[in-house]
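Please read the structure below before turning to the comments.
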Amino acid sequence: MSTTHDHRILHAVEASLAQEFSGVFNLATITRFVESSYEELAENATMVMYLPVLVERFARQRLRALAYAEGLVTTGMPVVLFLCVHNAGRSQMALGFFHRYAGDQAIGWSGGSAPSSELGENSVVVMSEKGIDISDEFPKPWTDEVIRAADVVITMGCGEACPIFPGKRYEEWTLADPDECDDLDDARYVRDVIEDRVIALLDELGITPV
């Protein structure tokens, strides 16, 4: 249950997003997404002081996805979604490489079937070795509108929990969880395989890595 203080914070988030999505969504829709995003993230939140920022980021992503899925906003760019179980390692690493190499040529998101409360330490460390800081990311669940907006869905170990929507390109990358690796070299191996596969995916999408 959210408190009175939480309601004040959420109201501020709603006001900010209402301005950003003016002419696209009404306030009722924005309020619904902000409140549901809060409920999704609050359950596993460990640093509650950052929760309002994360709620705003998550709700913004979901609203953008809904706008793409319903054809209210078009970009002409492919949308790729990376999914794993906890959204703490593999999918975040893939998204980090995707952002690095795709730049502003494509849209990338990530999610998990059972999100963790924080990113995996191994994943953050080995990505930093590549000059990519994923520590600002946060585990989040996948949602229907995000799946609907995606052109390509890359799954990594979430099995039957991963959603199947018609008309999407699905690809399974079978990889160990880097945060279950006892040796950082094993995590580095997973990282390097993900990097190679992201570059190959971009080539298939006709995107030249930047």
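Starting from 1 in every chain, residues are counted up; chains themselves are A, B, ... following the order of the structure tokens, and ligands are numbered from 1 as listed.
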
Proximity check stretch 90-193 of chain A to stretch 41-52 of chain A, 9 Å, nearest pairs one decimal Å, only C-alpha atoms, as CSV:
residue,atom,partner,partner_atom,distance
A:Pro115,CA,A:Asn44,CA,8.1
A:Ser116,CA,A:Asn44,CA,7.1
A:Ser117,CA,A:Asn44,CA,5.0
A:Glu118,CA,A:Thr46,CA,7.9
A:Pro139,CA,A:Leu41,CA,8.6
A:Lys140,CA,A:Leu41,CA,7.0
A:Pro141,CA,A:Leu41,CA,8.5

Sorted by chain and rising residue number, list the residues of stretch 38-156 of chain A at most 7 Å from stretch 189-200 of chain A (counting only C-alpha atoms), each with its closest atom pair and distance in Å to one decimal, as a tab-separated table.
residue	atom	partner	partner_atom	distance
A:Met93	CA	A:Arg191	CA	6.9
A:Ala94	CA	A:Ile194	CA	6.0
A:Phe97	CA	A:Glu195	CA	6.1
A:Phe98	CA	A:Val198	CA	6.2

- [ ] Would you list, as an NGL selection string, the residues of chain A that end up in strand (DSSP E) under DSSP run on this structure's backbone?
- [x] :A and (79-84 or 107-112 or 152-156 or 169-172)

For the selection just defined, write its residues with N, CA, C and O atoms to a file, as a PDB file, in the first residue's frame.
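What follows is the written file again26.pdb:
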ATOM      1  N   VAL A  79      12.645  -1.970 -32.806  1.00  0.00           N
ATOM      2  CA  VAL A  79      12.620  -2.040 -31.342  1.00  0.00           C
ATOM      3  C   VAL A  79      13.005  -3.456 -30.938  1.00  0.00           C
ATOM      4  O   VAL A  79      12.384  -4.431 -31.383  1.00  0.00           O
ATOM      5  N   VAL A  80      14.025  -3.577 -30.100  1.00  0.00           N
ATOM      6  CA  VAL A  80      14.506  -4.882 -29.653  1.00  0.00           C
ATOM      7  C   VAL A  80      14.355  -4.975 -28.136  1.00  0.00           C
ATOM      8  O   VAL A  80      14.723  -4.049 -27.405  1.00  0.00           O
ATOM      9  N   LEU A  81      13.802  -6.076 -27.696  1.00  0.00           N
ATOM     10  CA  LEU A  81      13.593  -6.316 -26.266  1.00  0.00           C
ATOM     11  C   LEU A  81      14.421  -7.520 -25.836  1.00  0.00           C
ATOM     12  O   LEU A  81      14.340  -8.590 -26.444  1.00  0.00           O
ATOM     13  N   PHE A  82      15.217  -7.339 -24.780  1.00  0.00           N
ATOM     14  CA  PHE A  82      16.040  -8.412 -24.230  1.00  0.00           C
ATOM     15  C   PHE A  82      15.420  -8.876 -22.915  1.00  0.00           C
ATOM     16  O   PHE A  82      15.221  -8.070 -21.995  1.00  0.00           O
ATOM     17  N   LEU A  83      15.134 -10.173 -22.830  1.00  0.00           N
ATOM     18  CA  LEU A  83      14.487 -10.731 -21.640  1.00  0.00           C
ATOM     19  C   LEU A  83      15.330 -11.842 -21.027  1.00  0.00           C
ATOM     20  O   LEU A  83      15.882 -12.682 -21.740  1.00  0.00           O
ATOM     21  N   CYS A  84      15.417 -11.841 -19.696  1.00  0.00           N
ATOM     22  CA  CYS A  84      15.965 -12.999 -18.987  1.00  0.00           C
ATOM     23  C   CYS A  84      15.128 -13.165 -17.717  1.00  0.00           C
ATOM     24  O   CYS A  84      14.047 -12.578 -17.610  1.00  0.00           O
ATOM     25  N   ILE A 107      15.889   1.185 -31.005  1.00  0.00           N
ATOM     26  CA  ILE A 107      15.399   1.321 -29.634  1.00  0.00           C
ATOM     27  C   ILE A 107      15.566  -0.013 -28.923  1.00  0.00           C
ATOM     28  O   ILE A 107      15.188  -1.069 -29.467  1.00  0.00           O
ATOM     29  N   GLY A 108      16.137   0.001 -27.745  1.00  0.00           N
ATOM     30  CA  GLY A 108      16.341  -1.225 -26.988  1.00  0.00           C
ATOM     31  C   GLY A 108      15.779  -1.121 -25.582  1.00  0.00           C
ATOM     32  O   GLY A 108      15.898  -0.072 -24.937  1.00  0.00           O
ATOM     33  N   TRP A 109      15.164  -2.206 -25.129  1.00  0.00           N
ATOM     34  CA  TRP A 109      14.641  -2.295 -23.774  1.00  0.00           C
ATOM     35  C   TRP A 109      15.007  -3.654 -23.194  1.00  0.00           C
ATOM     36  O   TRP A 109      15.445  -4.561 -23.917  1.00  0.00           O
ATOM     37  N   SER A 110      14.803  -3.810 -21.889  1.00  0.00           N
ATOM     38  CA  SER A 110      15.036  -5.109 -21.255  1.00  0.00           C
ATOM     39  C   SER A 110      13.991  -5.340 -20.182  1.00  0.00           C
ATOM     40  O   SER A 110      13.321  -4.405 -19.728  1.00  0.00           O
ATOM     41  N   GLY A 111      13.867  -6.598 -19.764  1.00  0.00           N
ATOM     42  CA  GLY A 111      12.913  -6.943 -18.724  1.00  0.00           C
ATOM     43  C   GLY A 111      13.183  -8.341 -18.204  1.00  0.00           C
ATOM     44  O   GLY A 111      14.017  -9.069 -18.741  1.00  0.00           O
ATOM     45  N   GLY A 112      12.467  -8.706 -17.152  1.00  0.00           N
ATOM     46  CA  GLY A 112      12.652 -10.023 -16.561  1.00  0.00           C
ATOM     47  C   GLY A 112      11.336 -10.661 -16.168  1.00  0.00           C
ATOM     48  O   GLY A 112      10.348  -9.962 -15.928  1.00  0.00           O
ATOM     49  N   VAL A 152      11.675  -7.365 -32.281  1.00  0.00           N
ATOM     50  CA  VAL A 152      12.508  -8.535 -32.009  1.00  0.00           C
ATOM     51  C   VAL A 152      12.552  -8.753 -30.505  1.00  0.00           C
ATOM     52  O   VAL A 152      12.768  -7.798 -29.746  1.00  0.00           O
ATOM     53  N   VAL A 153      12.347 -10.000 -30.086  1.00  0.00           N
ATOM     54  CA  VAL A 153      12.410 -10.345 -28.663  1.00  0.00           C
ATOM     55  C   VAL A 153      13.496 -11.400 -28.482  1.00  0.00           C
ATOM     56  O   VAL A 153      13.398 -12.506 -29.023  1.00  0.00           O
ATOM     57  N   ILE A 154      14.531 -11.032 -27.746  1.00  0.00           N
ATOM     58  CA  ILE A 154      15.624 -11.957 -27.451  1.00  0.00           C
ATOM     59  C   ILE A 154      15.420 -12.489 -26.041  1.00  0.00           C
ATOM     60  O   ILE A 154      15.360 -11.712 -25.075  1.00  0.00           O
ATOM     61  N   THR A 155      15.291 -13.801 -25.905  1.00  0.00           N
ATOM     62  CA  THR A 155      15.081 -14.404 -24.597  1.00  0.00           C
ATOM     63  C   THR A 155      16.341 -15.138 -24.158  1.00  0.00           C
ATOM     64  O   THR A 155      17.062 -15.710 -24.976  1.00  0.00           O
ATOM     65  N   MET A 156      16.587 -15.114 -22.854  1.00  0.00           N
ATOM     66  CA  MET A 156      17.789 -15.746 -22.306  1.00  0.00           C
ATOM     67  C   MET A 156      17.443 -16.471 -21.019  1.00  0.00           C
ATOM     68  O   MET A 156      17.567 -15.926 -19.923  1.00  0.00           O
ATOM     69  N   ARG A 169       9.504 -11.449 -33.965  1.00  0.00           N
ATOM     70  CA  ARG A 169      10.655 -12.317 -34.199  1.00  0.00           C
ATOM     71  C   ARG A 169      11.238 -12.689 -32.845  1.00  0.00           C
ATOM     72  O   ARG A 169      11.605 -11.819 -32.059  1.00  0.00           O
ATOM     73  N   TYR A 170      11.296 -13.973 -32.552  1.00  0.00           N
ATOM     74  CA  TYR A 170      11.845 -14.447 -31.285  1.00  0.00           C
ATOM     75  C   TYR A 170      13.156 -15.186 -31.532  1.00  0.00           C
ATOM     76  O   TYR A 170      13.311 -15.893 -32.533  1.00  0.00           O
ATOM     77  N   GLU A 171      14.081 -15.012 -30.608  1.00  0.00           N
ATOM     78  CA  GLU A 171      15.365 -15.710 -30.690  1.00  0.00           C
ATOM     79  C   GLU A 171      15.826 -16.020 -29.272  1.00  0.00           C
ATOM     80  O   GLU A 171      15.805 -15.147 -28.401  1.00  0.00           O
ATOM     81  N   GLU A 172      16.210 -17.260 -29.032  1.00  0.00           N
ATOM     82  CA  GLU A 172      16.687 -17.658 -27.710  1.00  0.00           C
ATOM     83  C   GLU A 172      18.213 -17.706 -27.713  1.00  0.00           C
ATOM     84  O   GLU A 172      18.822 -18.353 -28.573  1.00  0.00           O
TER      85      GLU A 172
END

Open item on the list: So that I can check the secondary structure, give me every residue of stretch 42-201 of chain A assigned helix (DSSP H, G or I) by backbone DSSP, as a ChimeraX atom specification.
Closed with: /A:42,48-69,90-105,121-128,144-149,159-161,178-180,184-201

Open item on the list: I'd like the neighbourhood of A:Ala28 as JSON, numbers by chain, where a residue qualifies if any of its atoms comes within 10 Å (using only C-alpha atoms), though same-chain residues fewer than 4 positions away should be ignored.
Closed with: {"A": [14, 18, 32, 33, 34]}

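Nearest residue to A:His7, choosing from A:Asn26, A:Gln105, A:Thr31, A:Gln19 and counting only C-alpha atoms: A:Thr31.
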
Open item on the list: Between A:Cys158, A:Val24, A:Ala149, A:Leu17, which residue has the minimum interatomic distance to A:Asn87, considering only C-alpha atoms?
Closed with: A:Cys158

TODO: Give me the residues within 10 Å of A:Phe21 as number ranges by chain, counting only C-alpha atoms and dropping any in the same chain fewer than 4 places off.
DONE: A: 16-17, 25-27, 30, 60, 63-64, 67

Give me a file of those residues, with all heavy atoms, as an mmCIF file, in the first residue's frame.
data_model
loop_
_atom_site.group_PDB
_atom_site.id
_atom_site.type_symbol
_atom_site.label_atom_id
_atom_site.label_comp_id
_atom_site.auth_asym_id
_atom_site.auth_seq_id
_atom_site.Cartn_x
_atom_site.Cartn_y
_atom_site.Cartn_z
ATOM 1 N N SER A 16 4.652 15.393 -14.475
ATOM 2 C CA SER A 16 5.783 15.478 -15.397
ATOM 3 C C SER A 16 5.518 14.695 -16.677
ATOM 4 O O SER A 16 5.745 15.181 -17.791
ATOM 5 C CB SER A 16 7.046 14.948 -14.706
ATOM 6 O OG SER A 16 8.127 14.892 -15.613
ATOM 7 N N LEU A 17 4.997 13.485 -16.518
ATOM 8 C CA LEU A 17 4.729 12.643 -17.688
ATOM 9 C C LEU A 17 3.537 13.166 -18.493
ATOM 10 O O LEU A 17 3.500 13.013 -19.722
ATOM 11 C CB LEU A 17 4.497 11.200 -17.251
ATOM 12 C CG LEU A 17 5.727 10.487 -16.677
ATOM 13 C CD1 LEU A 17 5.355 9.086 -16.188
ATOM 14 C CD2 LEU A 17 6.844 10.399 -17.707
ATOM 15 N N PHE A 25 -1.502 10.832 -24.632
ATOM 16 C CA PHE A 25 -2.309 10.113 -23.648
ATOM 17 C C PHE A 25 -2.966 11.097 -22.689
ATOM 18 O O PHE A 25 -2.390 12.148 -22.366
ATOM 19 C CB PHE A 25 -1.453 9.137 -22.835
ATOM 20 C CG PHE A 25 -0.844 8.027 -23.648
ATOM 21 C CD1 PHE A 25 0.524 7.910 -23.771
ATOM 22 C CD2 PHE A 25 -1.657 7.110 -24.311
ATOM 23 C CE1 PHE A 25 1.083 6.897 -24.527
ATOM 24 C CE2 PHE A 25 -1.112 6.098 -25.073
ATOM 25 C CZ PHE A 25 0.259 5.984 -25.191
ATOM 26 N N ASN A 26 -4.149 10.752 -22.211
ATOM 27 C CA ASN A 26 -4.814 11.592 -21.225
ATOM 28 C C ASN A 26 -4.269 11.296 -19.831
ATOM 29 O O ASN A 26 -3.532 10.323 -19.613
ATOM 30 C CB ASN A 26 -6.337 11.429 -21.285
ATOM 31 C CG ASN A 26 -6.785 9.999 -21.021
ATOM 32 O OD1 ASN A 26 -6.149 9.260 -20.261
ATOM 33 N ND2 ASN A 26 -7.884 9.592 -21.638
ATOM 34 N N LEU A 27 -4.645 12.134 -18.881
ATOM 35 C CA LEU A 27 -4.116 12.004 -17.526
ATOM 36 C C LEU A 27 -4.527 10.695 -16.878
ATOM 37 O O LEU A 27 -3.754 10.101 -16.118
ATOM 38 C CB LEU A 27 -4.587 13.183 -16.668
ATOM 39 C CG LEU A 27 -4.070 13.213 -15.224
ATOM 40 C CD1 LEU A 27 -2.543 13.243 -15.192
ATOM 41 C CD2 LEU A 27 -4.646 14.410 -14.477
ATOM 42 N N ILE A 30 -2.093 8.009 -17.962
ATOM 43 C CA ILE A 30 -0.791 8.233 -17.347
ATOM 44 C C ILE A 30 -0.825 7.857 -15.867
ATOM 45 O O ILE A 30 0.085 7.182 -15.358
ATOM 46 C CB ILE A 30 -0.360 9.699 -17.543
ATOM 47 C CG1 ILE A 30 -0.043 9.933 -19.024
ATOM 48 C CG2 ILE A 30 0.844 10.046 -16.666
ATOM 49 C CD1 ILE A 30 0.143 11.364 -19.413
ATOM 50 N N ARG A 60 7.634 5.892 -18.036
ATOM 51 C CA ARG A 60 7.934 6.539 -19.316
ATOM 52 C C ARG A 60 8.179 5.490 -20.401
ATOM 53 O O ARG A 60 7.679 5.606 -21.518
ATOM 54 C CB ARG A 60 9.148 7.447 -19.174
ATOM 55 C CG ARG A 60 9.567 8.091 -20.505
ATOM 56 C CD ARG A 60 10.770 8.989 -20.365
ATOM 57 N NE ARG A 60 10.455 10.174 -19.584
ATOM 58 C CZ ARG A 60 10.894 10.394 -18.341
ATOM 59 N NH1 ARG A 60 11.691 9.487 -17.745
ATOM 60 N NH2 ARG A 60 10.553 11.503 -17.706
ATOM 61 N N LEU A 63 4.868 3.884 -21.363
ATOM 62 C CA LEU A 63 4.012 4.776 -22.148
ATOM 63 C C LEU A 63 4.536 4.932 -23.571
ATOM 64 O O LEU A 63 3.760 4.968 -24.532
ATOM 65 C CB LEU A 63 3.913 6.144 -21.460
ATOM 66 C CG LEU A 63 3.062 6.163 -20.183
ATOM 67 C CD1 LEU A 63 3.337 7.434 -19.372
ATOM 68 C CD2 LEU A 63 1.569 6.051 -20.517
ATOM 69 N N ARG A 64 5.846 5.006 -23.718
ATOM 70 C CA ARG A 64 6.421 5.067 -25.062
ATOM 71 C C ARG A 64 6.101 3.781 -25.828
ATOM 72 O O ARG A 64 5.748 3.825 -27.008
ATOM 73 C CB ARG A 64 7.931 5.270 -24.981
ATOM 74 C CG ARG A 64 8.344 6.674 -24.599
ATOM 75 C CD ARG A 64 9.845 6.803 -24.475
ATOM 76 N NE ARG A 64 10.238 8.177 -24.165
ATOM 77 C CZ ARG A 64 11.459 8.545 -23.794
ATOM 78 N NH1 ARG A 64 12.417 7.628 -23.670
ATOM 79 N NH2 ARG A 64 11.731 9.807 -23.543
ATOM 80 N N ALA A 67 2.565 3.836 -26.957
ATOM 81 C CA ALA A 67 2.411 4.752 -28.092
ATOM 82 C C ALA A 67 2.890 4.104 -29.380
ATOM 83 O O ALA A 67 2.254 4.229 -30.436
ATOM 84 C CB ALA A 67 3.177 6.044 -27.827
#

TODO: Tell me which of A:Gly23, A:Asp6, A:Arg90, A:Gly131 sits closest to A:Thr174, counting only C-alpha atoms.
DONE: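 Selected residue with least distance to A:Thr174: A:Arg90.
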
TODO: Could you jot down the atom CA of A:Ala187 to atom CA of A:Ala106 separation for me, Å, one decimal place?
DONE: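 Separation between atom CA of A:Ala187 and atom CA of A:Ala106: 26.6 Å.
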
Open item on the list: Need the shell around A:Leu184: protein/DNA/RNA residues with any atom at most 10 Å away, counting only C-alpha atoms. Skip same-chain ones fewer than 3 positions apart. Format as a PyMOL selection string?
Closed with: chain A and resi 122-123+125-126+178-181+187-190

Residues from the last selection, all heavy atoms, saved as a PDB file, in the first residue's frame:
ATOM      1  N   ASN A 122      28.649  -9.290 -10.670  1.00  0.00           N
ATOM      2  CA  ASN A 122      29.534  -9.759 -11.737  1.00  0.00           C
ATOM      3  C   ASN A 122      29.251  -9.038 -13.048  1.00  0.00           C
ATOM      4  O   ASN A 122      30.171  -8.645 -13.772  1.00  0.00           O
ATOM      5  CB  ASN A 122      29.369 -11.265 -11.948  1.00  0.00           C
ATOM      6  CG  ASN A 122      30.024 -12.092 -10.865  1.00  0.00           C
ATOM      7  OD1 ASN A 122      30.655 -11.555  -9.965  1.00  0.00           O
ATOM      8  ND2 ASN A 122      29.869 -13.402 -10.958  1.00  0.00           N
ATOM      9  N   SER A 123      27.979  -8.865 -13.350  1.00  0.00           N
ATOM     10  CA  SER A 123      27.596  -8.227 -14.615  1.00  0.00           C
ATOM     11  C   SER A 123      28.070  -6.785 -14.673  1.00  0.00           C
ATOM     12  O   SER A 123      28.593  -6.325 -15.696  1.00  0.00           O
ATOM     13  CB  SER A 123      26.074  -8.289 -14.801  1.00  0.00           C
ATOM     14  OG  SER A 123      25.636  -9.626 -14.884  1.00  0.00           O
ATOM     15  N   VAL A 125      30.577  -5.471 -13.027  1.00  0.00           N
ATOM     16  CA  VAL A 125      32.043  -5.436 -13.063  1.00  0.00           C
ATOM     17  C   VAL A 125      32.581  -5.740 -14.458  1.00  0.00           C
ATOM     18  O   VAL A 125      33.404  -4.987 -14.997  1.00  0.00           O
ATOM     19  CB  VAL A 125      32.635  -6.422 -12.037  1.00  0.00           C
ATOM     20  CG1 VAL A 125      34.135  -6.600 -12.267  1.00  0.00           C
ATOM     21  CG2 VAL A 125      32.379  -5.935 -10.624  1.00  0.00           C
ATOM     22  N   VAL A 126      32.112  -6.823 -15.063  1.00  0.00           N
ATOM     23  CA  VAL A 126      32.691  -7.208 -16.357  1.00  0.00           C
ATOM     24  C   VAL A 126      32.266  -6.265 -17.479  1.00  0.00           C
ATOM     25  O   VAL A 126      33.003  -6.075 -18.447  1.00  0.00           O
ATOM     26  CB  VAL A 126      32.358  -8.670 -16.718  1.00  0.00           C
ATOM     27  CG1 VAL A 126      32.932  -9.616 -15.671  1.00  0.00           C
ATOM     28  CG2 VAL A 126      30.870  -8.900 -16.904  1.00  0.00           C
ATOM     29  N   PRO A 178      25.630 -14.867 -15.676  1.00  0.00           N
ATOM     30  CA  PRO A 178      26.955 -14.415 -15.234  1.00  0.00           C
ATOM     31  C   PRO A 178      27.068 -14.213 -13.735  1.00  0.00           C
ATOM     32  O   PRO A 178      28.163 -14.305 -13.167  1.00  0.00           O
ATOM     33  CB  PRO A 178      27.140 -13.085 -15.988  1.00  0.00           C
ATOM     34  CG  PRO A 178      25.754 -12.641 -16.328  1.00  0.00           C
ATOM     35  CD  PRO A 178      24.979 -13.901 -16.560  1.00  0.00           C
ATOM     36  N   ASP A 179      25.956 -13.966 -13.079  1.00  0.00           N
ATOM     37  CA  ASP A 179      26.004 -13.726 -11.644  1.00  0.00           C
ATOM     38  C   ASP A 179      25.898 -15.002 -10.833  1.00  0.00           C
ATOM     39  O   ASP A 179      25.911 -14.959  -9.603  1.00  0.00           O
ATOM     40  CB  ASP A 179      24.935 -12.713 -11.259  1.00  0.00           C
ATOM     41  CG  ASP A 179      25.227 -11.357 -11.884  1.00  0.00           C
ATOM     42  OD1 ASP A 179      26.278 -10.787 -11.561  1.00  0.00           O
ATOM     43  OD2 ASP A 179      24.446 -10.908 -12.734  1.00  0.00           O
ATOM     44  N   GLU A 180      25.821 -16.124 -11.522  1.00  0.00           N
ATOM     45  CA  GLU A 180      25.919 -17.415 -10.857  1.00  0.00           C
ATOM     46  C   GLU A 180      27.272 -18.058 -11.128  1.00  0.00           C
ATOM     47  O   GLU A 180      27.527 -19.177 -10.708  1.00  0.00           O
ATOM     48  CB  GLU A 180      24.784 -18.336 -11.315  1.00  0.00           C
ATOM     49  CG  GLU A 180      23.410 -17.862 -10.855  1.00  0.00           C
ATOM     50  CD  GLU A 180      22.285 -18.781 -11.303  1.00  0.00           C
ATOM     51  OE1 GLU A 180      22.583 -19.773 -12.011  1.00  0.00           O
ATOM     52  OE2 GLU A 180      21.128 -18.510 -10.951  1.00  0.00           O
ATOM     53  N   CYS A 181      28.137 -17.329 -11.836  1.00  0.00           N
ATOM     54  CA  CYS A 181      29.484 -17.827 -12.133  1.00  0.00           C
ATOM     55  C   CYS A 181      30.394 -17.579 -10.935  1.00  0.00           C
ATOM     56  O   CYS A 181      30.441 -16.462 -10.403  1.00  0.00           O
ATOM     57  CB  CYS A 181      30.061 -17.117 -13.353  1.00  0.00           C
ATOM     58  SG  CYS A 181      29.164 -17.427 -14.900  1.00  0.00           S
ATOM     59  N   ALA A 187      32.139 -15.254 -16.296  1.00  0.00           N
ATOM     60  CA  ALA A 187      31.235 -14.137 -16.554  1.00  0.00           C
ATOM     61  C   ALA A 187      31.714 -13.336 -17.763  1.00  0.00           C
ATOM     62  O   ALA A 187      30.903 -12.845 -18.554  1.00  0.00           O
ATOM     63  CB  ALA A 187      31.137 -13.242 -15.324  1.00  0.00           C
ATOM     64  N   ARG A 188      33.028 -13.200 -17.889  1.00  0.00           N
ATOM     65  CA  ARG A 188      33.593 -12.488 -19.051  1.00  0.00           C
ATOM     66  C   ARG A 188      33.285 -13.234 -20.342  1.00  0.00           C
ATOM     67  O   ARG A 188      33.029 -12.621 -21.385  1.00  0.00           O
ATOM     68  CB  ARG A 188      35.095 -12.318 -18.879  1.00  0.00           C
ATOM     69  CG  ARG A 188      35.487 -11.377 -17.755  1.00  0.00           C
ATOM     70  CD  ARG A 188      36.989 -11.160 -17.699  1.00  0.00           C
ATOM     71  NE  ARG A 188      37.336 -10.274 -16.588  1.00  0.00           N
ATOM     72  CZ  ARG A 188      37.887 -10.687 -15.449  1.00  0.00           C
ATOM     73  NH1 ARG A 188      38.162 -11.981 -15.277  1.00  0.00           N
ATOM     74  NH2 ARG A 188      38.151  -9.810 -14.486  1.00  0.00           N
ATOM     75  N   TYR A 189      33.307 -14.558 -20.280  1.00  0.00           N
ATOM     76  CA  TYR A 189      32.979 -15.353 -21.465  1.00  0.00           C
ATOM     77  C   TYR A 189      31.539 -15.090 -21.901  1.00  0.00           C
ATOM     78  O   TYR A 189      31.259 -14.871 -23.085  1.00  0.00           O
ATOM     79  CB  TYR A 189      33.180 -16.844 -21.188  1.00  0.00           C
ATOM     80  CG  TYR A 189      32.678 -17.728 -22.301  1.00  0.00           C
ATOM     81  CD1 TYR A 189      33.413 -17.900 -23.469  1.00  0.00           C
ATOM     82  CD2 TYR A 189      31.444 -18.379 -22.195  1.00  0.00           C
ATOM     83  CE1 TYR A 189      32.932 -18.692 -24.504  1.00  0.00           C
ATOM     84  CE2 TYR A 189      30.970 -19.170 -23.221  1.00  0.00           C
ATOM     85  CZ  TYR A 189      31.724 -19.321 -24.373  1.00  0.00           C
ATOM     86  OH  TYR A 189      31.236 -20.097 -25.400  1.00  0.00           O
ATOM     87  N   VAL A 190      30.608 -15.094 -20.933  1.00  0.00           N
ATOM     88  CA  VAL A 190      29.210 -14.805 -21.237  1.00  0.00           C
ATOM     89  C   VAL A 190      29.091 -13.409 -21.840  1.00  0.00           C
ATOM     90  O   VAL A 190      28.398 -13.196 -22.847  1.00  0.00           O
ATOM     91  CB  VAL A 190      28.336 -14.920 -19.974  1.00  0.00           C
ATOM     92  CG1 VAL A 190      26.905 -14.483 -20.268  1.00  0.00           C
ATOM     93  CG2 VAL A 190      28.350 -16.352 -19.437  1.00  0.00           C
TER      94      VAL A 190
END

Open item on the list: Between A:Ile134, A:Ala59, A:Glu145, A:Ala114, which residue has the minimum interatomic distance to A:Gly71, considering only C-alpha atoms?
Closed with: A:Glu145
